[in-house]
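*Asks:* Pasting work_8.cif here (mmCIF, C-alpha atoms):
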data_input
#
loop_
_atom_site.label_atom_id
_atom_site.label_comp_id
_atom_site.auth_asym_id
_atom_site.auth_seq_id
_atom_site.Cartn_x
_atom_site.Cartn_y
_atom_site.Cartn_z
CA MET T 61 138.28 87.26 89.53
CA THR T 62 138.41 91.04 89.44
CA PRO T 63 139.43 93.02 92.54
CA GLU T 64 135.83 94.18 93.02
CA VAL T 65 134.45 90.64 93.18
CA ARG T 66 137.30 89.61 95.48
CA ALA T 67 136.33 92.45 97.82
CA VAL T 68 132.73 91.18 97.96
CA PHE T 69 133.91 87.70 99.01
CA GLN T 70 136.44 89.23 101.41
CA ILE T 71 133.74 91.17 103.21
CA ALA T 72 131.44 88.17 103.42
CA GLY T 73 134.33 86.13 104.84
CA ILE T 74 135.16 88.78 107.44
CA GLY T 75 131.47 88.86 108.35
CA PHE T 76 131.38 85.10 108.94
CA LEU T 77 134.60 85.21 110.97
CA VAL T 78 133.30 88.02 113.14
CA ALA T 79 130.00 86.20 113.67
CA ILE T 80 131.86 83.04 114.75
CA LEU T 81 134.21 85.05 117.01
CA HIS T 82 131.23 86.82 118.52
CA THR T 83 129.52 83.51 119.32
CA ILE T 84 132.67 81.95 120.80
CA LEU T 85 133.43 84.97 122.98
CA LYS T 86 129.83 85.10 124.15
CA GLN T 87 129.82 81.40 124.99
CA SER T 88 132.96 81.80 127.10
CA GLY T 89 131.32 84.61 129.05
CA LYS T 90 133.28 87.57 127.59
CA GLU T 91 130.35 89.71 126.44
CA GLU T 92 132.17 93.06 126.25
CA PHE T 93 135.03 91.53 124.21
CA ALA T 94 132.46 90.08 121.83
CA HIS T 95 130.90 93.49 121.27
CA TRP T 96 134.25 95.19 120.70
CA ALA T 97 135.29 92.46 118.23
CA ALA T 98 132.05 92.92 116.26
CA LEU T 99 132.56 96.69 116.22
CA ALA T 100 136.19 96.38 115.08
CA GLY T 101 135.21 94.02 112.27
CA PHE T 102 132.46 96.35 111.16
CA VAL T 103 134.82 99.34 111.06
CA ALA T 104 137.45 97.40 109.09
CA VAL T 105 134.89 96.30 106.51
CA PHE T 106 133.36 99.76 106.39
CA ILE T 107 136.75 101.26 105.48
CA ILE T 108 137.08 98.82 102.55
CA VAL T 109 133.56 99.63 101.33
CA ILE T 110 134.13 103.38 101.66
CA GLY T 111 137.20 103.05 99.42
CA TRP T 112 135.08 101.41 96.71
CA VAL T 113 132.29 103.98 97.06
CA ASP T 114 134.93 106.69 96.61
CA HIS T 115 136.06 104.92 93.43
CA LEU T 116 132.47 104.81 92.15
CA TYR T 117 131.91 108.51 92.87
CA ARG T 118 135.07 109.44 91.01
CA ASP T 119 133.99 107.35 88.01
CA ILE T 120 130.52 108.90 87.95
CA GLU T 121 132.07 112.35 88.24
CA THR T 122 134.38 111.79 85.28
CA VAL T 123 131.56 110.38 83.13
CA PHE T 124 128.73 112.78 83.95
CA LEU T 125 130.15 115.96 85.45
CA ARG T 126 133.38 116.68 83.58
CA GLN T 127 133.38 116.63 79.81
CA MET L 237 131.86 93.47 81.65
CA HIS L 238 129.60 90.76 80.30
CA ILE L 239 125.95 90.90 81.35
CA LEU L 240 126.02 87.30 82.61
CA GLN L 241 128.97 88.18 84.84
CA LEU L 242 127.10 91.14 86.29
CA VAL L 243 123.98 89.09 87.00
CA GLY L 244 126.18 86.38 88.53
CA ILE L 245 127.82 88.91 90.85
CA GLY L 246 124.38 90.14 91.87
CA LEU L 247 123.07 86.64 92.58
CA THR L 248 126.20 85.62 94.51
CA ALA L 249 126.05 88.75 96.63
CA THR L 250 122.34 88.13 97.27
CA ALA L 251 123.06 84.62 98.53
CA LEU L 252 125.92 85.84 100.75
CA ALA L 253 123.82 88.66 102.16
CA ALA L 254 120.89 86.35 102.83
CA VAL L 255 123.12 83.98 104.83
CA LEU L 256 124.88 86.85 106.65
CA ARG L 257 121.58 88.48 107.60
CA GLN L 258 120.98 85.66 110.08
CA GLN L 259 124.49 85.74 111.57
CA ALA L 260 125.63 89.35 111.41
CA GLN L 261 123.19 91.91 110.07
CA PRO L 262 125.49 94.93 109.49
CA PHE L 263 127.75 92.83 107.28
CA ALA L 264 124.82 91.79 105.12
CA MET L 265 124.09 95.47 104.49
CA LEU L 266 127.75 96.12 103.62
CA VAL L 267 127.89 93.16 101.23
CA GLY L 268 124.78 94.49 99.48
CA MET L 269 126.32 97.98 99.32
CA LEU L 270 129.59 96.72 97.84
CA ALA L 271 127.76 94.55 95.30
CA GLY L 272 125.78 97.62 94.25
CA VAL L 273 129.03 99.59 93.91
CA VAL L 274 130.57 96.83 91.75
CA LEU L 275 127.53 96.64 89.45
CA LEU L 276 127.30 100.42 89.07
CA LEU L 277 131.06 100.68 88.39
CA ALA L 278 130.76 98.21 85.51
CA VAL L 279 127.67 99.98 84.13
CA VAL L 280 129.16 103.47 84.40
CA ASP L 281 132.25 102.43 82.44
CA ASN L 282 129.96 101.32 79.60
CA PHE L 283 127.96 104.52 79.83
CA ALA L 284 130.98 106.71 79.02
CA GLY L 285 130.69 105.75 75.34
CA VAL L 286 126.99 106.60 75.30
CA VAL L 287 127.68 110.02 76.79
CA ARG L 288 130.37 110.65 74.17
CA SER L 289 128.05 109.82 71.26
CA ILE L 290 125.26 111.97 72.72
CA SER L 291 127.62 114.92 73.00
CA ASP L 292 128.76 114.31 69.40
CA LEU L 293 125.12 114.42 68.30
CA ALA L 294 124.60 117.64 70.25
CA ASN L 295 127.65 119.17 68.57
CA ALA L 296 126.32 118.17 65.15
CA ALA L 297 122.92 119.72 65.97
CA LYS L 298 124.69 122.86 67.30
CA VAL L 299 122.90 122.63 70.67
CA ASP L 300 124.30 124.86 73.38
CA HIS L 301 126.78 122.71 75.31
CA ALA L 302 125.62 124.06 78.68
CA PHE L 303 122.21 122.39 78.22
CA LEU L 304 123.73 118.98 77.54
CA GLU L 305 126.06 119.39 80.52
CA THR L 306 123.09 120.15 82.77
CA VAL L 307 121.17 117.10 81.55
CA LEU L 308 124.17 114.85 82.13
CA LYS L 309 124.66 116.30 85.62
CA ILE L 310 121.01 115.58 86.41
CA ILE L 311 121.39 111.98 85.20
CA GLY L 312 124.48 111.60 87.41
CA ILE L 313 122.62 112.97 90.44
CA ALA L 314 119.75 110.57 89.77
CA TYR L 315 122.17 107.63 89.63
CA ILE L 316 123.93 108.45 92.92
CA VAL L 317 120.74 109.34 94.78
CA GLU L 318 118.94 106.18 93.67
CA PHE L 319 121.94 104.09 94.73
CA ALA L 320 122.16 105.65 98.19
CA ALA L 321 118.41 105.64 98.79
CA GLN L 322 118.11 101.97 97.93
CA ILE L 323 120.95 101.10 100.33
CA ALA L 324 119.28 103.10 103.09
CA ARG L 325 115.94 101.40 102.40
CA ASP L 326 117.68 98.00 102.39
CA ALA L 327 119.09 98.74 105.85
CA GLY L 328 115.60 99.50 107.11
CA GLU L 329 115.97 103.29 107.17
CA GLY L 330 113.03 104.26 104.98
CA ALA L 331 112.80 107.79 106.36
CA LEU L 332 116.48 108.44 105.68
CA ALA L 333 116.05 107.11 102.14
CA GLY L 334 113.22 109.60 101.63
CA LYS L 335 115.46 112.43 102.82
CA ILE L 336 118.27 111.39 100.48
CA GLU L 337 115.80 111.42 97.60
CA LEU L 338 114.55 114.84 98.69
CA ALA L 339 118.13 116.16 98.63
CA GLY L 340 118.54 114.80 95.11
CA LYS L 341 115.29 116.38 93.95
CA VAL L 342 116.33 119.77 95.33
CA GLY L 343 119.70 119.46 93.59
CA ILE L 344 117.99 118.63 90.30
CA VAL L 345 115.64 121.63 90.61
CA VAL L 346 118.58 123.93 91.33
CA LEU L 347 120.32 122.65 88.19
CA ALA L 348 117.17 122.89 86.07
CA VAL L 349 116.23 126.49 86.98
CA PRO L 350 118.64 128.16 84.48
CA ILE L 351 117.17 126.09 81.62
CA MET L 352 113.63 126.97 82.67
CA THR L 353 114.45 130.68 82.79
CA ASP L 354 116.00 130.36 79.31
CA VAL L 355 112.79 128.78 77.99
CA VAL L 356 110.65 131.49 79.57
CA GLN L 357 112.88 134.21 78.13
CA SER L 358 112.64 132.69 74.65
CA LEU L 359 108.86 132.59 74.98
CA VAL L 360 108.79 136.25 76.06
CA HIS L 361 110.88 137.12 72.98
CA LEU L 362 108.41 135.28 70.74
CA LEU L 363 105.46 137.17 72.17
CA PRO L 364 104.65 140.40 70.29
#
The structure given in the file should be rewritten as structure tokens.

*Replies:*
Amino acid sequence: MTPEVRAVFQIAGIGFLVAILHTILKQSGKEEFAHWAALAGFVAVFIIVIGWVDHLYRDIETVFLRQ
Amino acid sequence: MHILQLVGIGLTATALAAVLRQQAQPFAMLVGMLAGVVLLLAVVDNFAGVVRSISDLANAAKVDHAFLETVLKIIGIAYIVEFAAQIARDAGEGALAGKIELAGKVGIVVLAVPIMTDVVQSLVHLLP
């Protein structure tokens, strides 16, 4: 399993965990905590994805823009 | 990477995103985005060899290297713009996708103008 594929599964896993956490916190009446948890999870995942997009941009730059 | 591997990554990410869309929508979008990044990364690595052989051909035909560089830049812009626009459309932001495409088109026109002026100048030289 390459690091890229592992990142895909990682993000899906974090998504499931955040969804479960959101439901549990909502059920126990802590709505604002649920929202903050969802936001924190989204930001964490977004940082991972941004790193990979940066990698892709660099690759495209080296292939197409700099001979 | 092998083509079957790439298609497998795409299918797996599709299944994950489809399940996540019900539970947590933003994560489905991010999974789709990352899967797109992974697929494009694998494809771009293969494309480096193609670019090298094209530039060898251009050298053999004694084509001005600036032209080839412009064409490659335009292909790169098209790749990135298509990628971003499809992600935006996937997230339900059709208008934003249209704007991204517009930005790419303007960038391509800006790159293509020097070639067009070169063509026009050559034509003017040919005219008596």

*Asks:* Take the PyMOL selection byres ((chain T) within 6 of (chain L)), apply it to the structure above, and return the hits as a ChimeraX atom specification.

*Replies:* /T:75,79,116,123-125

*Asks:* Would you work out the distance separating CA of Glu329 (chain L) from CA of Ala67 (chain T), expressed in Å to one decimal?

*Replies:*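 Taking CA of Glu329 (chain L) and CA of Ala67 (chain T), their separation equals 24.9 Å.
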
*Asks:* Of the candidates L:Phe303, L:Ala320, L:Gly246, L:Ala297, which one gets nearest to Met352 (chain L) if we count only C-alpha atoms?

*Replies:* L:Phe303

*Asks:* What gap, in Å, lies between CA of Val65 (chain T) and CA of Leu81 (chain T)?

*Replies:*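 Going from CA of Val65 (chain T) over to CA of Leu81 (chain T) covers 24.5 Å.
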
*Asks:* Closest to Gly101 (chain T) among T:Ser88, T:Thr62, T:Glu121, T:Ile71, using all atoms listed in the file?

*Replies:* T:Ile71

*Asks:* For the atom pair CA of Trp96 (chain T) and CA of Ile84 (chain T), what is the interatomic distance in Å to one decimal place?

*Replies:*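 Pair CA of Trp96 (chain T) / CA of Ile84 (chain T) returns 13.3 Å.
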
*Asks:* Would you mind writing region 307-329 of chain L with N, CA and C atoms, as a compact mmCIF listing (two decimals), keeping the file's coordinate frame?

*Replies:*
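Everything below was put into out_2.txt:
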# COMPACT_ATOMS: atom_id res chain seq x y z
N VAL L 307 121.92 118.36 81.61
CA VAL L 307 121.17 117.10 81.55
C VAL L 307 122.03 115.95 82.07
N LEU L 308 123.30 115.93 81.67
CA LEU L 308 124.17 114.85 82.13
C LEU L 308 124.37 114.91 83.64
N LYS L 309 124.52 116.15 84.16
CA LYS L 309 124.66 116.30 85.62
C LYS L 309 123.43 115.76 86.33
N ILE L 310 122.24 116.04 85.77
CA ILE L 310 121.01 115.58 86.41
C ILE L 310 120.96 114.05 86.39
N ILE L 311 121.38 113.45 85.26
CA ILE L 311 121.39 111.98 85.20
C ILE L 311 122.34 111.41 86.25
N GLY L 312 123.51 112.05 86.40
CA GLY L 312 124.48 111.60 87.41
C GLY L 312 123.91 111.68 88.81
N ILE L 313 123.24 112.81 89.11
CA ILE L 313 122.62 112.97 90.44
C ILE L 313 121.59 111.88 90.66
N ALA L 314 120.78 111.59 89.63
CA ALA L 314 119.75 110.57 89.77
C ALA L 314 120.37 109.21 90.08
N TYR L 315 121.48 108.90 89.39
CA TYR L 315 122.17 107.63 89.63
C TYR L 315 122.61 107.52 91.09
N ILE L 316 123.35 108.52 91.57
CA ILE L 316 123.93 108.45 92.92
C ILE L 316 122.83 108.41 93.97
N VAL L 317 121.81 109.25 93.78
CA VAL L 317 120.74 109.34 94.78
C VAL L 317 119.96 108.03 94.85
N GLU L 318 119.68 107.44 93.69
CA GLU L 318 118.94 106.18 93.67
C GLU L 318 119.74 105.09 94.39
N PHE L 319 121.05 105.07 94.10
CA PHE L 319 121.94 104.09 94.73
C PHE L 319 121.90 104.21 96.25
N ALA L 320 122.09 105.45 96.74
CA ALA L 320 122.16 105.65 98.19
C ALA L 320 120.82 105.39 98.84
N ALA L 321 119.73 105.81 98.19
CA ALA L 321 118.41 105.64 98.79
C ALA L 321 118.05 104.17 98.89
N GLN L 322 118.42 103.40 97.88
CA GLN L 322 118.11 101.97 97.93
C GLN L 322 118.90 101.28 99.03
N ILE L 323 120.16 101.69 99.24
CA ILE L 323 120.95 101.10 100.33
C ILE L 323 120.31 101.43 101.67
N ALA L 324 119.90 102.70 101.82
CA ALA L 324 119.28 103.10 103.09
C ALA L 324 118.00 102.32 103.32
N ARG L 325 117.20 102.14 102.26
CA ARG L 325 115.94 101.40 102.40
C ARG L 325 116.22 99.93 102.74
N ASP L 326 117.30 99.39 102.14
CA ASP L 326 117.68 98.00 102.39
C ASP L 326 118.05 97.80 103.85
N ALA L 327 118.68 98.84 104.45
CA ALA L 327 119.09 98.74 105.85
C ALA L 327 117.95 99.05 106.80
N GLY L 328 116.75 99.26 106.25
CA GLY L 328 115.60 99.50 107.11
C GLY L 328 115.39 100.94 107.51
N GLU L 329 116.10 101.87 106.85
CA GLU L 329 115.97 103.29 107.17
C GLU L 329 115.17 103.98 106.07
